[in-house]
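Source file: coords_14.txt; contents: compact mmCIF, C-alpha atoms.
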# COMPACT_ATOMS: atom_id res chain seq x y z
CA MET A 1 -32.55 22.06 -66.59
CA TYR A 2 -35.18 21.32 -63.90
CA ARG A 3 -36.95 18.36 -62.34
CA ILE A 4 -40.72 18.17 -62.02
CA GLU A 5 -40.16 18.20 -58.23
CA ASP A 6 -38.56 21.65 -58.56
CA PHE A 7 -41.83 22.99 -59.96
CA LEU A 8 -43.97 21.29 -57.32
CA GLN A 9 -41.85 22.87 -54.58
CA ALA A 10 -41.38 26.30 -56.19
CA PRO A 11 -42.06 29.18 -53.78
CA ALA A 12 -44.86 31.63 -54.49
CA TYR A 13 -43.79 35.14 -55.51
CA PHE A 14 -46.25 38.02 -55.19
CA ASP A 15 -44.19 41.17 -55.88
CA PRO A 16 -44.06 42.92 -59.28
CA ILE A 17 -41.70 41.44 -61.88
CA GLU A 18 -39.65 43.96 -63.80
CA GLY A 19 -40.25 43.76 -67.54
CA GLU A 20 -43.21 41.37 -67.31
CA LYS A 21 -45.42 41.54 -70.40
CA GLU A 22 -48.93 42.91 -70.14
CA LYS A 23 -51.81 40.50 -70.51
CA PRO A 24 -52.88 39.89 -74.11
CA ALA A 25 -55.62 41.75 -75.90
CA GLU A 26 -58.81 39.98 -76.88
CA ARG A 27 -58.17 36.92 -79.05
CA ARG A 28 -60.15 35.39 -81.87
CA CYS A 29 -61.80 32.05 -81.22
CA PHE A 30 -60.73 28.99 -83.18
CA PRO A 31 -63.93 27.29 -84.36
CA GLY A 32 -64.96 23.70 -83.72
CA ALA A 33 -65.95 23.45 -80.04
CA TRP A 34 -67.56 25.18 -77.09
CA TYR A 35 -64.77 26.27 -74.75
CA TYR A 36 -63.74 28.72 -72.08
CA LYS A 37 -60.04 29.58 -72.17
CA VAL A 38 -57.97 31.62 -69.71
CA LEU A 39 -54.79 32.74 -71.48
CA SER A 40 -51.57 34.38 -70.29
CA ALA A 41 -49.35 36.92 -71.98
CA ARG A 42 -46.57 35.65 -74.25
CA ASP A 43 -43.65 35.89 -71.87
CA TYR A 44 -40.84 33.81 -70.40
CA TRP A 45 -43.17 31.48 -68.52
CA LEU A 46 -42.06 27.92 -67.80
CA GLY A 47 -45.39 26.28 -67.08
CA LEU A 48 -48.62 26.32 -65.10
CA ASP A 49 -49.89 24.70 -61.91
CA GLY A 50 -53.30 24.56 -60.27
CA PHE A 51 -56.14 22.54 -58.80
CA VAL A 52 -59.38 21.68 -60.58
CA ARG A 53 -62.49 19.83 -59.46
CA LEU A 54 -63.73 17.91 -62.48
CA PRO A 55 -67.28 18.45 -63.75
CA GLU A 56 -70.10 16.06 -64.45
CA PHE A 57 -71.21 15.76 -68.08
CA TYR A 58 -74.72 15.55 -69.50
CA PRO A 59 -74.79 14.57 -73.20
CA ASP A 60 -77.32 15.60 -75.82
CA GLU A 61 -79.44 12.46 -76.26
CA GLU A 62 -80.20 13.48 -79.85
CA ARG A 63 -76.57 13.84 -80.95
CA TYR A 64 -74.92 10.43 -81.23
CA VAL A 65 -73.94 7.64 -83.58
CA ASP A 66 -74.23 3.93 -82.82
CA GLU A 67 -70.97 1.99 -82.85
CA GLY A 68 -72.06 -1.56 -82.20
CA ASP A 69 -72.98 -1.80 -78.53
CA PHE A 70 -71.59 1.69 -77.85
CA ARG A 71 -73.51 4.94 -78.27
CA LYS A 72 -70.93 7.56 -79.29
CA TYR A 73 -72.15 11.00 -78.37
CA LEU A 74 -70.93 13.74 -80.69
CA ASP A 75 -70.08 16.04 -77.79
CA THR A 76 -67.43 15.19 -75.20
CA PRO A 77 -65.94 17.21 -72.32
CA SER A 78 -62.30 17.99 -71.59
CA VAL A 79 -60.40 19.94 -68.95
CA TYR A 80 -56.85 20.80 -69.86
CA VAL A 81 -53.92 23.20 -69.81
CA GLY A 82 -51.16 23.83 -72.29
CA GLY A 83 -48.51 26.10 -73.69
CA SER A 84 -47.66 27.72 -76.98
CA ALA A 85 -44.18 28.84 -77.96
CA ASP A 86 -43.69 27.81 -81.62
CA PHE A 87 -46.75 25.52 -81.71
CA GLU A 88 -49.84 24.86 -79.60
CA ASN A 89 -49.88 22.11 -76.95
CA ASP A 90 -53.10 20.79 -75.38
CA ILE A 91 -52.38 18.71 -72.27
CA GLY A 92 -54.76 17.42 -69.63
CA LEU A 93 -57.86 15.28 -69.19
CA ALA A 94 -60.52 14.12 -71.65
CA TRP A 95 -63.64 11.95 -71.25
CA PHE A 96 -63.25 8.28 -72.24
CA ARG A 97 -64.54 4.77 -71.73
CA GLY A 98 -62.85 2.61 -69.12
CA ILE A 99 -62.36 -0.97 -67.99
CA VAL A 100 -64.42 -1.93 -64.92
CA ASP A 101 -64.51 -5.44 -63.48
CA GLY A 102 -62.32 -6.51 -66.41
CA LYS A 103 -64.83 -5.35 -69.03
CA MET A 104 -64.96 -2.34 -71.33
CA SER A 105 -67.66 0.09 -70.20
CA ARG A 106 -70.55 0.65 -72.60
CA GLU A 107 -70.38 4.40 -72.01
CA LYS A 108 -67.77 6.98 -71.21
CA ILE A 109 -67.15 7.04 -67.47
CA THR A 110 -63.77 8.62 -66.75
CA PHE A 111 -61.38 11.47 -67.45
CA ARG A 112 -58.03 10.11 -68.64
CA PRO A 113 -54.72 11.91 -69.38
CA PHE A 114 -54.00 13.06 -72.94
CA TRP A 115 -51.48 15.28 -74.70
CA ARG A 116 -51.47 16.79 -78.19
CA TYR A 117 -48.30 18.28 -79.61
CA ILE A 118 -47.12 19.71 -82.92
CA TYR A 119 -43.62 19.78 -84.36
CA THR A 120 -41.88 19.71 -87.72
CA GLU A 121 -39.99 16.72 -89.11
CA ASN A 122 -38.16 16.80 -92.43
CA GLY A 123 -39.91 20.05 -93.26
CA ARG A 124 -43.39 18.66 -92.59
CA GLU A 125 -45.66 19.59 -89.70
CA ARG A 126 -46.78 16.69 -87.52
CA ASN A 127 -49.80 16.89 -85.18
CA ILE A 128 -49.75 14.05 -82.63
CA TYR A 129 -52.42 12.99 -80.14
CA ALA A 130 -51.47 10.55 -77.37
CA GLY A 131 -52.60 9.48 -73.94
CA THR A 132 -52.57 6.78 -71.30
CA GLY A 133 -53.91 3.34 -72.13
CA ILE A 134 -57.40 2.27 -71.25
CA GLU A 135 -55.91 -0.49 -69.11
CA ASP A 136 -54.12 2.09 -66.91
CA ALA A 137 -56.90 2.32 -64.34
CA GLU A 138 -54.61 3.95 -61.78
CA TYR A 139 -54.85 7.07 -63.93
CA TYR A 140 -58.64 7.25 -64.08
CA PHE A 141 -60.10 10.50 -62.73
CA PHE A 142 -63.80 11.07 -62.13
CA PRO A 143 -66.30 13.93 -61.93
CA GLY A 144 -66.06 15.45 -58.48
CA ASP A 145 -62.37 14.55 -58.05
CA GLU A 146 -60.06 17.44 -57.25
CA VAL A 147 -56.87 17.08 -59.27
CA ARG A 148 -53.60 18.98 -59.14
CA ILE A 149 -52.52 19.58 -62.72
CA THR A 150 -48.99 20.72 -63.52
CA VAL A 151 -47.37 21.35 -66.89
CA ALA A 152 -43.71 22.31 -66.77
CA SER A 153 -40.73 23.02 -69.02
CA VAL A 154 -38.25 20.69 -67.37
CA LYS A 155 -36.04 20.85 -70.47
CA GLU A 156 -35.74 23.20 -73.42
CA HIS A 157 -38.28 22.40 -76.18
CA PHE A 158 -40.18 19.94 -73.98
CA LEU A 159 -42.99 19.87 -71.43
CA VAL A 160 -43.95 17.35 -68.75
CA LEU A 161 -47.47 16.77 -67.45
CA ARG A 162 -48.17 15.72 -63.87
CA LEU A 163 -51.65 14.84 -62.56
CA ALA A 164 -52.34 13.91 -58.95
CA LEU A 165 -55.59 13.14 -57.16
CA GLU A 166 -55.86 15.54 -54.22
CA LYS A 167 -59.40 14.75 -53.05
CA GLU A 168 -61.62 11.90 -54.17
CA THR A 169 -65.09 12.54 -55.53
CA GLU A 170 -68.06 12.43 -53.21
CA LEU A 171 -70.42 11.51 -56.06
CA GLU A 172 -71.66 8.05 -55.16
CA ARG A 173 -71.85 6.75 -58.73
CA TYR A 174 -68.15 7.37 -59.31
CA ARG A 175 -67.12 6.23 -55.84
CA ARG A 176 -68.69 2.86 -56.66
CA ILE A 177 -66.88 2.68 -60.01
CA ARG A 178 -63.52 3.47 -58.40
CA LYS A 179 -63.95 0.63 -55.90
CA ARG A 180 -64.40 -1.80 -58.81
CA LEU A 181 -61.18 -0.82 -60.61
CA SER A 182 -58.20 -3.13 -60.80
CA ARG A 183 -55.73 -0.51 -59.53
CA SER A 184 -55.71 2.24 -56.90
CA PRO A 185 -55.15 5.90 -57.90
CA ARG A 186 -51.59 7.16 -58.25
CA ALA A 187 -49.95 10.30 -59.59
CA PHE A 188 -49.31 10.38 -63.33
CA VAL A 189 -46.11 11.88 -64.75
CA SER A 190 -45.66 11.89 -68.52
CA GLY A 191 -42.47 11.50 -70.44
CA LEU A 192 -41.02 14.45 -72.31
CA ILE A 193 -43.70 15.98 -74.56
CA PRO A 194 -42.27 17.84 -77.58
CA ALA A 195 -42.98 21.58 -77.35
CA PRO A 196 -40.70 23.46 -79.77
CA GLY A 197 -39.58 26.79 -78.30
CA ALA A 198 -40.62 26.01 -74.71
CA ALA A 199 -38.16 27.48 -72.17
CA VAL A 200 -36.27 29.08 -75.06
CA ARG A 201 -38.66 31.69 -76.46
CA PRO A 202 -41.62 33.56 -74.94
CA ALA A 203 -44.68 31.32 -74.55
CA GLU A 204 -48.34 31.56 -73.62
CA TYR A 205 -49.95 29.26 -71.09
CA LYS A 206 -53.63 28.49 -70.64
CA ARG A 207 -56.32 26.57 -68.81
CA VAL A 208 -59.40 25.40 -70.68
CA ASN A 209 -62.84 23.93 -70.02
CA ALA A 210 -64.42 22.54 -73.18
CA ILE A 211 -67.15 20.55 -74.83
CA ASP A 212 -65.39 19.19 -77.89
CA GLN A 213 -67.29 17.94 -80.95
CA TYR A 214 -66.22 14.94 -83.01
CA GLY A 215 -65.13 15.66 -86.59
CA ASN A 216 -65.81 19.37 -86.18
CA GLU A 217 -62.37 20.97 -85.73
CA GLY A 218 -62.12 24.18 -87.74
CA LYS A 219 -65.87 24.25 -88.41
CA PRO A 220 -68.52 26.32 -86.63
CA ALA A 221 -69.49 24.86 -83.24
CA GLN A 222 -72.65 22.82 -83.63
CA PRO A 223 -75.79 23.59 -81.59
CA THR A 224 -76.15 21.09 -78.76
CA LYS A 225 -78.07 20.43 -75.57
CA ALA A 226 -74.98 18.85 -74.00
CA ARG A 227 -73.73 20.61 -70.89
CA THR A 228 -71.27 20.25 -68.04
CA GLY A 229 -71.81 20.56 -64.35
CA GLU A 230 -69.70 22.89 -62.28
CA ALA A 231 -65.91 22.70 -62.56
CA ARG A 232 -63.87 24.61 -59.99
CA TRP A 233 -60.35 25.94 -60.46
CA ARG A 234 -58.33 27.22 -57.53
CA ASP A 235 -54.78 28.37 -56.73
CA VAL A 236 -53.57 28.57 -60.32
CA PHE A 237 -49.99 29.80 -60.78
CA LEU A 238 -47.55 30.45 -63.62
CA PHE A 239 -43.89 29.38 -63.34
CA ARG A 240 -40.86 31.43 -64.33
CA ALA A 241 -37.24 31.98 -63.43
CA HIS A 242 -36.75 35.19 -61.44
CA ARG A 243 -33.41 36.40 -60.12
CA GLY A 244 -31.91 32.97 -60.54
CA GLU A 245 -34.73 31.13 -58.76
CA LEU A 246 -37.68 29.11 -60.07
CA VAL A 247 -40.84 30.71 -58.65
CA LYS A 248 -44.58 30.61 -59.22
CA VAL A 249 -46.71 33.73 -59.56
CA PRO A 250 -50.51 33.87 -59.25
CA PHE A 251 -52.45 33.66 -62.52
CA THR A 252 -54.60 36.65 -61.56
CA GLU A 253 -56.96 38.89 -63.53
CA GLU A 254 -54.04 41.21 -64.30
CA ARG A 255 -52.22 38.36 -66.05
CA ARG A 256 -54.99 36.76 -68.09
CA VAL A 257 -57.52 37.25 -70.83
CA LYS A 258 -60.74 35.24 -70.88
CA MET A 259 -62.14 33.71 -74.06
CA PHE A 260 -65.77 32.56 -74.28
CA CYS A 261 -65.98 30.61 -77.52
CA PRO A 262 -67.98 30.88 -79.68
CA ASP A 263 -70.66 32.67 -77.62
CA PRO A 264 -70.38 34.10 -74.08
CA ARG A 265 -74.02 33.19 -73.42
CA ALA A 266 -73.02 29.51 -73.32
CA PHE A 267 -70.97 29.91 -70.13
CA ALA A 268 -71.59 30.65 -66.47
CA VAL A 269 -68.33 31.70 -64.83
CA LYS A 270 -68.05 32.96 -61.25
CA THR A 271 -64.82 34.20 -59.68
CA ASN A 272 -64.33 34.28 -55.92
CA GLY A 273 -60.87 35.23 -54.72
CA ASN A 274 -58.36 32.63 -55.91
CA SER A 275 -61.05 30.25 -57.24
CA GLU A 276 -63.33 30.19 -60.25
CA THR A 277 -66.26 27.97 -61.17
CA VAL A 278 -67.17 27.18 -64.79
CA VAL A 279 -70.36 25.74 -66.29
CA ILE A 280 -70.79 25.16 -70.05
CA ARG A 281 -74.39 25.13 -71.29
CA PRO A 282 -74.65 25.83 -75.05
Could I get this file's structure written as structure tokens?
Amino acid sequence: MYRIEDFLQAPAYFDPIEGEKEKPAERRCFPGAWYYKVLSARDYWLGLDGFVRLPEFYPDEERYVDEGDFRKYLDTPSVYVGGSADFENDIGLAWFRGIVDGKMSREKITFRPFWRYIYTENGRERNIYAGTGIEDAEYYFFPGDEVRITVASVKEHFLVLRLALEKETELERYRRIRKRLSRSPRAFVSGLIPAPGAAVRPAEYKRVNAIDQYGNEGKPAQPTKARTGEARWRDVFLFRAHRGELVKVPFTEERRVKMFCPDPRAFAVKTNGNSETVVIRP
């Protein structure tokens, strides 16, 4: 159907689109985490593209469990996108440990690619979480990095994720870590990620900033002193076919609904033209 390169090179389209769906009404929050979601209408979108500067993370020093020599904090940040045709897909970057100087870090130090997808097999629903390996240091991204993140329906019922480092962090701690890695940064392109209904039926697309909480999905978000620094999104577009051409249209206020879950007071969001900064502080 398409190549990922077709999406990266798609021209911007700013005129009205006949028959485009209106942005969705307010949505209910799914419990289990602190997150800010920007959601599109359910329409014939084919993906999403944008740039995000990754935030720093400050854990709650009272919320952790000891796992040998590793202190596992119960709150963990993620920055991701995704689509939903028949099922929800979460695709992007989450906070993990890494390998530095040939040794596993004692704390989480890096954002690494992940993807979660749902599909049915033999009448049973399967919910799969996958990601790059900890040894794949070329795909480590750090707070302060600006990353281009693209999710695209290159084929019916599938998505592809692409992540590329656009500007390296200026935070000295992470600059030092990057110099000690075994491999230099390179763009990441996933294989085909199952996404039933993608590019076949109307779908929603989203971008999300979150503080996830271990073992808490579907439960009320737990009080925490964990917080993120400032993340900055800019130049976010939605893809679609229009008059026989693949184009990208700006993901503007007229095309999106904002969700502050579970409490708007936990978020500081500032919009300035085509950019938006997000801070999570429960």
Using all atoms listed in the file and a cutoff of 10 Å, can you tell me which residues are near (-46.7, 40.6, -73.0) in the file's coordinates, and write them out as a compact mmCIF listing (two decimals) with C-alpha atoms, in the frame of the given file?
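Result file result_9.txt:
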# COMPACT_ATOMS: atom_id res chain seq x y z
CA GLY A 19 -40.25 43.76 -67.54
CA GLU A 20 -43.21 41.37 -67.31
CA LYS A 21 -45.42 41.54 -70.40
CA GLU A 22 -48.93 42.91 -70.14
CA LYS A 23 -51.81 40.50 -70.51
CA PRO A 24 -52.88 39.89 -74.11
CA ALA A 25 -55.62 41.75 -75.90
CA SER A 40 -51.57 34.38 -70.29
CA ALA A 41 -49.35 36.92 -71.98
CA ARG A 42 -46.57 35.65 -74.25
CA ASP A 43 -43.65 35.89 -71.87
CA TYR A 44 -40.84 33.81 -70.40
CA PRO A 202 -41.62 33.56 -74.94
CA ALA A 203 -44.68 31.32 -74.55
CA GLU A 204 -48.34 31.56 -73.62
CA ARG A 255 -52.22 38.36 -66.05
Computed interatomic separation between atom CA of Ser190 of chain A and atom CA of Arg162 of chain A (Å):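 Atom CA of Ser190 of chain A sits 6.5 Å away from atom CA of Arg162 of chain A.
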Residues near Arg227 of chain A, cut-off 12 Å, only C-alpha atoms, skip fewer than 4 positions along chain, as a PyMOL selection string: chain A and resi 34-35+55-61+75-78+209-212+223+231+266-268+278-282
Point-to-point distance in Å for atom CA of Tyr36 of chain A and atom CA of Asp66 of chain A: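 Straight-line distance from atom CA of Asp66 of chain A to atom CA of Tyr36 of chain A works out to 29.0 Å.
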Selected residue, from A:Ile118, A:Ile91, A:Ala198, A:Val257, that lies nearest to Thr150 of chain A when counting all atoms listed in the file: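 With all atoms listed in the file as the atom set, the closest residue is A:Ile91.
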Show which residues sit within 9 Å of Arg207 of chain A, as a PDB file with C-alpha atoms, keeping the file's coordinate frame. Count only C-alpha atoms, and ignore same-chain residues fewer than 5 positions away.
ATOM      1  CA  TYR A  36     -63.740  28.720 -72.080  1.00  0.00           C
ATOM      2  CA  LYS A  37     -60.040  29.580 -72.170  1.00  0.00           C
ATOM      3  CA  VAL A  38     -57.970  31.620 -69.710  1.00  0.00           C
ATOM      4  CA  LEU A  39     -54.790  32.740 -71.480  1.00  0.00           C
ATOM      5  CA  LEU A  48     -48.620  26.320 -65.100  1.00  0.00           C
ATOM      6  CA  VAL A  79     -60.400  19.940 -68.950  1.00  0.00           C
ATOM      7  CA  TYR A  80     -56.850  20.800 -69.860  1.00  0.00           C
ATOM      8  CA  VAL A  81     -53.920  23.200 -69.810  1.00  0.00           C
ATOM      9  CA  GLY A  82     -51.160  23.830 -72.290  1.00  0.00           C
TER      10      GLY A  82
END
Atom-to-atom span, atom CA of Ala137 of chain A and atom CA of Ser184 of chain A, Å: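 We find that atom CA of Ala137 of chain A and atom CA of Ser184 of chain A lie 7.5 Å from each other.
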Near-Arg234 of chain A list (6 Å; only C-alpha atoms; drop same-chain fewer than 2 positions) as a list in words: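 That gives Phe51, Val236, Asn274 and Ser275 of chain A.
Closest approach to Val65 of chain A from the set A:Trp233, A:Tyr214, A:Pro143, A:Ser182 is made by A:Tyr214, with distances taken over all atoms listed in the file.
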Counting all atoms listed in the file, the residue of A:Ala12, A:Ile109, A:Ala33, A:Met104 that sits nearest Tyr140 of chain A: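 Checking each candidate against Tyr140 of chain A, we get A:Ile109 as the closest.
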Per-residue nearest contacts of segment 7-99 of chain A to segment 129-133 of chain A (12 Å; all atoms listed in the file) as CSV:
residue,atom,partner,partner_atom,distance
A:Asn89,CA,A:Tyr129,CA,10.0
A:Asp90,CA,A:Tyr129,CA,9.2
A:Ile91,CA,A:Gly131,CA,9.4
A:Gly92,CA,A:Gly131,CA,9.3
A:Leu93,CA,A:Gly131,CA,9.2
A:Ala94,CA,A:Gly131,CA,9.5
A:Trp95,CA,A:Gly131,CA,11.6
A:Phe96,CA,A:Gly133,CA,10.6
A:Arg97,CA,A:Gly133,CA,10.7
A:Gly98,CA,A:Gly133,CA,9.5
A:Ile99,CA,A:Gly133,CA,10.3
Near-Pro11 of chain A list (7 Å; all atoms listed in the file; drop same-chain fewer than 2 positions) as a list of chain:residue names: A:Gln9, A:Tyr13, A:Val247, A:Lys248
Pick from A:Gly50, A:Pro185, A:Pro194, A:Gly144 nearest to Trp115 of chain A, counting all atoms listed in the file: A:Pro194
Within 8 Å of Phe14 of chain A using only C-alpha atoms, minus same-chain residues under 2 positions, as a PyMOL selection string: chain A and resi 12+16+249-250
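Take the candidates A:Lys206, A:Arg173, A:Lys258, A:Lys179 and check each one against Trp45 of chain A using only C-alpha atoms; the shortest distance goes to A:Lys206.
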